[in-house]
Amino acid sequence: MREESAILQIDRALLRAQTDYDEIIKILKPFEGDDSGLEPIKENILFHGDNMEILNELRGSERFSMIYIDPPFFTGADKEANMNRDGALVKETAYKDNWGTLEEYLHAMALRIMLMRDLLRDDGLFFLHVDWHAIHYARLLMDEIFGQDRFINEIIWQYKSGGSSKTRFARKHDNILMYSKTAKYKFFIQKEKSYNRGLKPYRFKGVEEFQDEVGWYTMVNMKDVWSIDMVGRTSAERTGYATQKPEKLMERIIECSTEEGDLVGDFFCGSGSLGVSAAKLGRRFVMADTGNLAIEVAKKRLDEAVIPYVMKGRV
């Protein structure tokens, strides 16, 4: 039997998500006007539970300056974590990523992203982290939810870790889609090194140059390809949680989109990298995950870093 068209599944998923969203906001008061009257979030919060319920609960609270999510990637396989249990490494299921059909995956993602969009400030930014399994579907989904004119960047996170194949080029990058809520969004350009050809000084008039152990370089506005190492086996950050993201990656996203004191959110928080990074940079956070293992790891990281937070939901 011929596999059903992906376009048909995307269309149905979006229609179902919009219908479900409309039903939800009939019950919950829709946002109106500016942020006045919304309850401020003064403490860092870690929620344990279904993010659908948590997103609905947060509708009357302060809106977020930035939301980043690293949801399941539609891999069709469960993800495992290597956890230290009484001195022994034990494989445990971190989360399930088998949805049956593309439509079911996209419906679940679209509905949640619609609710997250409502929680963004008008000057806020949204980052969706996926990979080759779903990037082409995710872009279509985000264009429909936020609008094609609200697309800002597709960031390529490039790394060295992972396996290789003799039947294809090694897959060594993830994709991070960056969208704005409105045309008036906050963005703080970051700088990066750009090494001179031949690593020698240009000595151009008016161009400031620098030298390090590699060679001569200038500082330029950051590009959309980011070379950042994954969390290595010997890294002090390493938790053993599947798909853990490095704090350096989180820091770059936080610094380009927020200021000190701003509120950031992650509703598929996994090992808690965004919250840990946010707190270190003087931002407030709300994180959520439904997985017992994710919450265990995130709590441990926050506690070890002596980051204050309030635990809500299932314990």
# chains A, B, ... in the order shown; residues from 1 in each chain; ligands from 1
call {"tool": "residues_around", "arguments": {"residues": "segment 287-296 of chain A", "least_positions_apart": "5", "cutoff": "8 Å", "atoms": "only C-alpha atoms", "output": "PyMOL selection string"}}
result
chain A and resi 45-51+54+94-95+241+265-272+275
call {"tool": "write_last_selection", "arguments": {"atoms": "all heavy atoms", "output": "compact mmCIF listing (two decimals), in the first residue's frame"}}
result
# COMPACT_ATOMS: atom_id res chain seq x y z
N ILE A 45 10.51 27.91 38.57
CA ILE A 45 9.55 26.81 38.78
C ILE A 45 9.95 25.61 37.92
O ILE A 45 10.28 25.76 36.74
CB ILE A 45 8.11 27.24 38.41
CG1 ILE A 45 7.69 28.48 39.21
CG2 ILE A 45 7.14 26.09 38.68
CD1 ILE A 45 6.33 29.03 38.78
N LEU A 46 9.89 24.44 38.52
CA LEU A 46 10.05 23.18 37.81
C LEU A 46 8.76 22.40 37.96
O LEU A 46 8.40 22.00 39.07
CB LEU A 46 11.23 22.39 38.38
CG LEU A 46 11.48 20.99 37.77
CD1 LEU A 46 11.78 21.08 36.28
CD2 LEU A 46 12.63 20.28 38.51
N PHE A 47 8.05 22.20 36.85
CA PHE A 47 6.79 21.46 36.85
C PHE A 47 7.04 20.00 36.46
O PHE A 47 7.78 19.73 35.50
CB PHE A 47 5.82 22.03 35.83
CG PHE A 47 5.10 23.29 36.24
CD1 PHE A 47 5.53 24.52 35.81
CD2 PHE A 47 3.96 23.22 37.04
CE1 PHE A 47 4.86 25.68 36.16
CE2 PHE A 47 3.27 24.37 37.40
CZ PHE A 47 3.73 25.61 36.96
N HIS A 48 6.38 19.10 37.17
CA HIS A 48 6.37 17.69 36.78
C HIS A 48 4.95 17.35 36.36
O HIS A 48 4.05 17.29 37.19
CB HIS A 48 6.80 16.80 37.95
CG HIS A 48 6.95 15.36 37.59
ND1 HIS A 48 7.13 14.37 38.53
CD2 HIS A 48 6.95 14.72 36.38
CE1 HIS A 48 7.22 13.20 37.93
NE2 HIS A 48 7.12 13.39 36.62
N GLY A 49 4.77 17.13 35.06
CA GLY A 49 3.43 16.81 34.60
C GLY A 49 3.28 17.05 33.11
O GLY A 49 4.22 17.43 32.41
N ASP A 50 2.07 16.82 32.62
CA ASP A 50 1.73 16.99 31.21
C ASP A 50 1.81 18.48 30.86
O ASP A 50 1.12 19.30 31.46
CB ASP A 50 0.31 16.47 30.99
CG ASP A 50 -0.09 16.47 29.52
OD1 ASP A 50 0.48 17.25 28.74
OD2 ASP A 50 -1.02 15.72 29.17
N ASN A 51 2.63 18.82 29.86
CA ASN A 51 2.79 20.23 29.55
C ASN A 51 1.52 20.88 29.01
O ASN A 51 1.36 22.10 29.09
CB ASN A 51 3.99 20.47 28.61
CG ASN A 51 3.91 19.69 27.32
OD1 ASN A 51 2.87 19.23 26.91
ND2 ASN A 51 5.07 19.55 26.68
N ILE A 54 -0.04 22.23 32.09
CA ILE A 54 0.79 23.30 32.64
C ILE A 54 0.65 24.57 31.81
O ILE A 54 0.54 25.67 32.35
CB ILE A 54 2.25 22.83 32.72
CG1 ILE A 54 2.38 21.71 33.76
CG2 ILE A 54 3.18 23.99 33.07
CD1 ILE A 54 3.59 20.83 33.59
N ALA A 94 14.45 7.20 28.97
CA ALA A 94 14.27 8.62 29.29
C ALA A 94 12.92 9.11 28.80
O ALA A 94 12.18 9.78 29.52
CB ALA A 94 15.39 9.44 28.67
N TYR A 95 12.60 8.79 27.55
CA TYR A 95 11.28 9.15 27.01
C TYR A 95 11.02 8.33 25.75
O TYR A 95 11.94 7.80 25.13
CB TYR A 95 11.19 10.65 26.71
CG TYR A 95 12.16 11.15 25.67
CD1 TYR A 95 11.86 11.14 24.31
CD2 TYR A 95 13.40 11.68 26.06
CE1 TYR A 95 12.75 11.61 23.36
CE2 TYR A 95 14.30 12.16 25.12
CZ TYR A 95 13.96 12.12 23.77
OH TYR A 95 14.86 12.58 22.84
N TYR A 241 21.73 11.70 30.87
CA TYR A 241 20.40 11.78 30.27
C TYR A 241 20.51 11.84 28.75
O TYR A 241 21.32 12.59 28.20
CB TYR A 241 19.66 13.02 30.78
CG TYR A 241 18.21 13.07 30.37
CD1 TYR A 241 17.25 12.41 31.11
CD2 TYR A 241 17.82 13.77 29.24
CE1 TYR A 241 15.91 12.44 30.73
CE2 TYR A 241 16.50 13.81 28.85
CZ TYR A 241 15.54 13.13 29.60
OH TYR A 241 14.23 13.17 29.21
N GLY A 265 11.25 30.02 29.23
CA GLY A 265 10.52 28.77 29.45
C GLY A 265 11.00 27.64 28.59
O GLY A 265 11.49 27.84 27.47
N ASP A 266 10.87 26.42 29.13
CA ASP A 266 11.19 25.19 28.41
C ASP A 266 10.21 24.13 28.88
O ASP A 266 10.26 23.71 30.04
CB ASP A 266 12.63 24.76 28.68
CG ASP A 266 13.03 23.50 27.91
OD1 ASP A 266 12.17 22.90 27.24
OD2 ASP A 266 14.21 23.11 27.99
N PHE A 267 9.33 23.68 27.99
CA PHE A 267 8.25 22.76 28.39
C PHE A 267 8.49 21.32 27.95
O PHE A 267 7.60 20.48 28.03
CB PHE A 267 6.92 23.31 27.86
CG PHE A 267 6.61 24.67 28.42
CD1 PHE A 267 6.90 25.83 27.71
CD2 PHE A 267 6.10 24.79 29.70
CE1 PHE A 267 6.65 27.08 28.25
CE2 PHE A 267 5.86 26.04 30.25
CZ PHE A 267 6.13 27.20 29.52
N PHE A 268 9.70 21.04 27.46
CA PHE A 268 10.20 19.68 27.26
C PHE A 268 11.62 19.69 27.84
O PHE A 268 12.60 19.47 27.14
CB PHE A 268 10.26 19.31 25.78
CG PHE A 268 8.93 19.18 25.08
CD1 PHE A 268 8.31 20.29 24.52
CD2 PHE A 268 8.31 17.94 24.99
CE1 PHE A 268 7.11 20.17 23.86
CE2 PHE A 268 7.09 17.80 24.33
CZ PHE A 268 6.48 18.92 23.76
N CYS A 269 11.75 19.93 29.14
CA CYS A 269 13.04 20.37 29.69
C CYS A 269 14.09 19.28 29.80
O CYS A 269 15.27 19.58 29.96
CB CYS A 269 12.83 21.05 31.03
SG CYS A 269 12.51 19.92 32.42
N GLY A 270 13.72 18.00 29.73
CA GLY A 270 14.73 16.96 29.79
C GLY A 270 15.62 17.10 31.00
O GLY A 270 15.15 17.15 32.14
N SER A 271 16.92 17.23 30.77
CA SER A 271 17.89 17.28 31.87
C SER A 271 17.98 18.64 32.54
O SER A 271 18.72 18.81 33.51
CB SER A 271 19.28 16.87 31.37
OG SER A 271 19.76 17.85 30.46
N GLY A 272 17.25 19.65 32.02
CA GLY A 272 17.21 20.95 32.68
C GLY A 272 18.27 21.94 32.28
O GLY A 272 18.53 22.92 32.98
N GLY A 275 17.21 25.80 32.19
CA GLY A 275 17.02 26.43 33.49
C GLY A 275 18.31 26.69 34.22
O GLY A 275 18.50 27.77 34.80
call {"tool": "residues_around", "arguments": {"residues": "Asp143 of chain A", "least_positions_apart": "6", "cutoff": "12 Å", "atoms": "only C-alpha atoms", "output": "list in words"}}
result
Leu14, Ala110, Ile113, Met114, His136, Tyr137, Asp149, Arg150, Phe151, Ile152, Leu177, Met178, Tyr179, Ser180 and Lys181 of chain A
call {"tool": "residues_around", "arguments": {"residues": "segment 242-247 of chain A", "least_positions_apart": "6", "cutoff": "8 Å", "atoms": "only C-alpha atoms", "output": "list in words"}}
result
Lys79, Glu80, Ala81, Asn82, Ala94, Asp229, Met230, Val231, Gly270, Ser271, Ser273, Leu274, Val276 and Ser277 of chain A
call {"tool": "write_last_selection", "arguments": {"atoms": "N, CA, C and O atoms", "output": "mmCIF file, in the first residue's frame"}}
result
data_model
loop_
_atom_site.group_PDB
_atom_site.id
_atom_site.type_symbol
_atom_site.label_atom_id
_atom_site.label_comp_id
_atom_site.auth_asym_id
_atom_site.auth_seq_id
_atom_site.Cartn_x
_atom_site.Cartn_y
_atom_site.Cartn_z
ATOM 1 N N LYS A 79 14.347 6.758 23.795
ATOM 2 C CA LYS A 79 15.659 7.275 24.140
ATOM 3 C C LYS A 79 16.040 6.809 25.535
ATOM 4 O O LYS A 79 15.232 6.862 26.467
ATOM 5 N N GLU A 80 17.289 6.363 25.669
ATOM 6 C CA GLU A 80 17.748 5.817 26.950
ATOM 7 C C GLU A 80 18.752 6.735 27.622
ATOM 8 O O GLU A 80 19.417 7.557 26.968
ATOM 9 N N ALA A 81 18.848 6.603 28.923
ATOM 10 C CA ALA A 81 19.828 7.340 29.705
ATOM 11 C C ALA A 81 20.700 6.345 30.459
ATOM 12 O O ALA A 81 20.228 5.280 30.876
ATOM 13 N N ASN A 82 21.963 6.688 30.623
ATOM 14 C CA ASN A 82 22.883 5.868 31.416
ATOM 15 C C ASN A 82 22.974 6.467 32.808
ATOM 16 O O ASN A 82 23.678 7.454 33.024
ATOM 17 N N ALA A 94 14.454 7.201 28.970
ATOM 18 C CA ALA A 94 14.273 8.618 29.289
ATOM 19 C C ALA A 94 12.921 9.105 28.801
ATOM 20 O O ALA A 94 12.181 9.775 29.517
ATOM 21 N N ASP A 229 30.531 21.886 20.855
ATOM 22 C CA ASP A 229 30.640 20.461 21.170
ATOM 23 C C ASP A 229 29.435 19.972 21.958
ATOM 24 O O ASP A 229 28.879 20.703 22.782
ATOM 25 N N MET A 230 29.049 18.720 21.711
ATOM 26 C CA MET A 230 28.065 18.060 22.569
ATOM 27 C C MET A 230 28.669 17.863 23.959
ATOM 28 O O MET A 230 29.869 18.059 24.166
ATOM 29 N N VAL A 231 27.831 17.459 24.896
ATOM 30 C CA VAL A 231 28.320 17.170 26.243
ATOM 31 C C VAL A 231 29.085 15.848 26.197
ATOM 32 O O VAL A 231 28.499 14.788 25.986
ATOM 33 N N GLY A 270 13.720 18.002 29.729
ATOM 34 C CA GLY A 270 14.728 16.956 29.790
ATOM 35 C C GLY A 270 15.623 17.097 31.004
ATOM 36 O O GLY A 270 15.154 17.145 32.142
ATOM 37 N N SER A 271 16.920 17.231 30.774
ATOM 38 C CA SER A 271 17.887 17.278 31.874
ATOM 39 C C SER A 271 17.976 18.643 32.543
ATOM 40 O O SER A 271 18.716 18.808 33.508
ATOM 41 N N SER A 273 18.897 21.737 31.113
ATOM 42 C CA SER A 273 19.999 22.608 30.692
ATOM 43 C C SER A 273 19.580 24.067 30.582
ATOM 44 O O SER A 273 20.347 24.970 30.942
ATOM 45 N N LEU A 274 18.379 24.328 30.064
ATOM 46 C CA LEU A 274 17.973 25.722 29.883
ATOM 47 C C LEU A 274 17.834 26.430 31.226
ATOM 48 O O LEU A 274 18.313 27.556 31.394
ATOM 49 N N VAL A 276 19.228 25.732 34.179
ATOM 50 C CA VAL A 276 20.529 25.906 34.823
ATOM 51 C C VAL A 276 21.267 27.075 34.192
ATOM 52 O O VAL A 276 21.814 27.948 34.885
ATOM 53 N N SER A 277 21.284 27.128 32.870
ATOM 54 C CA SER A 277 21.973 28.204 32.162
ATOM 55 C C SER A 277 21.301 29.551 32.423
ATOM 56 O O SER A 277 21.983 30.570 32.608
#
call {"tool": "atom_distance", "arguments": {"atom1": "atom CA of Met116 of chain A", "atom2": "atom CA of Ile253 of chain A"}}
result
17.3 Å
call {"tool": "closest_residue", "arguments": {"among": "A:Ala170, A:Ile41, A:Ile156, A:Leu115", "to": "Asp262 of chain A", "atoms": "only C-alpha atoms"}}
result
A:Ile41
call {"tool": "select_by_dssp", "arguments": {"residues": "segment 71-283 of chain A", "states": "alpha helix (DSSP H)", "output": "PyMOL selection string"}}
result
chain A and resi 102-119+135-146+247-257+273-280
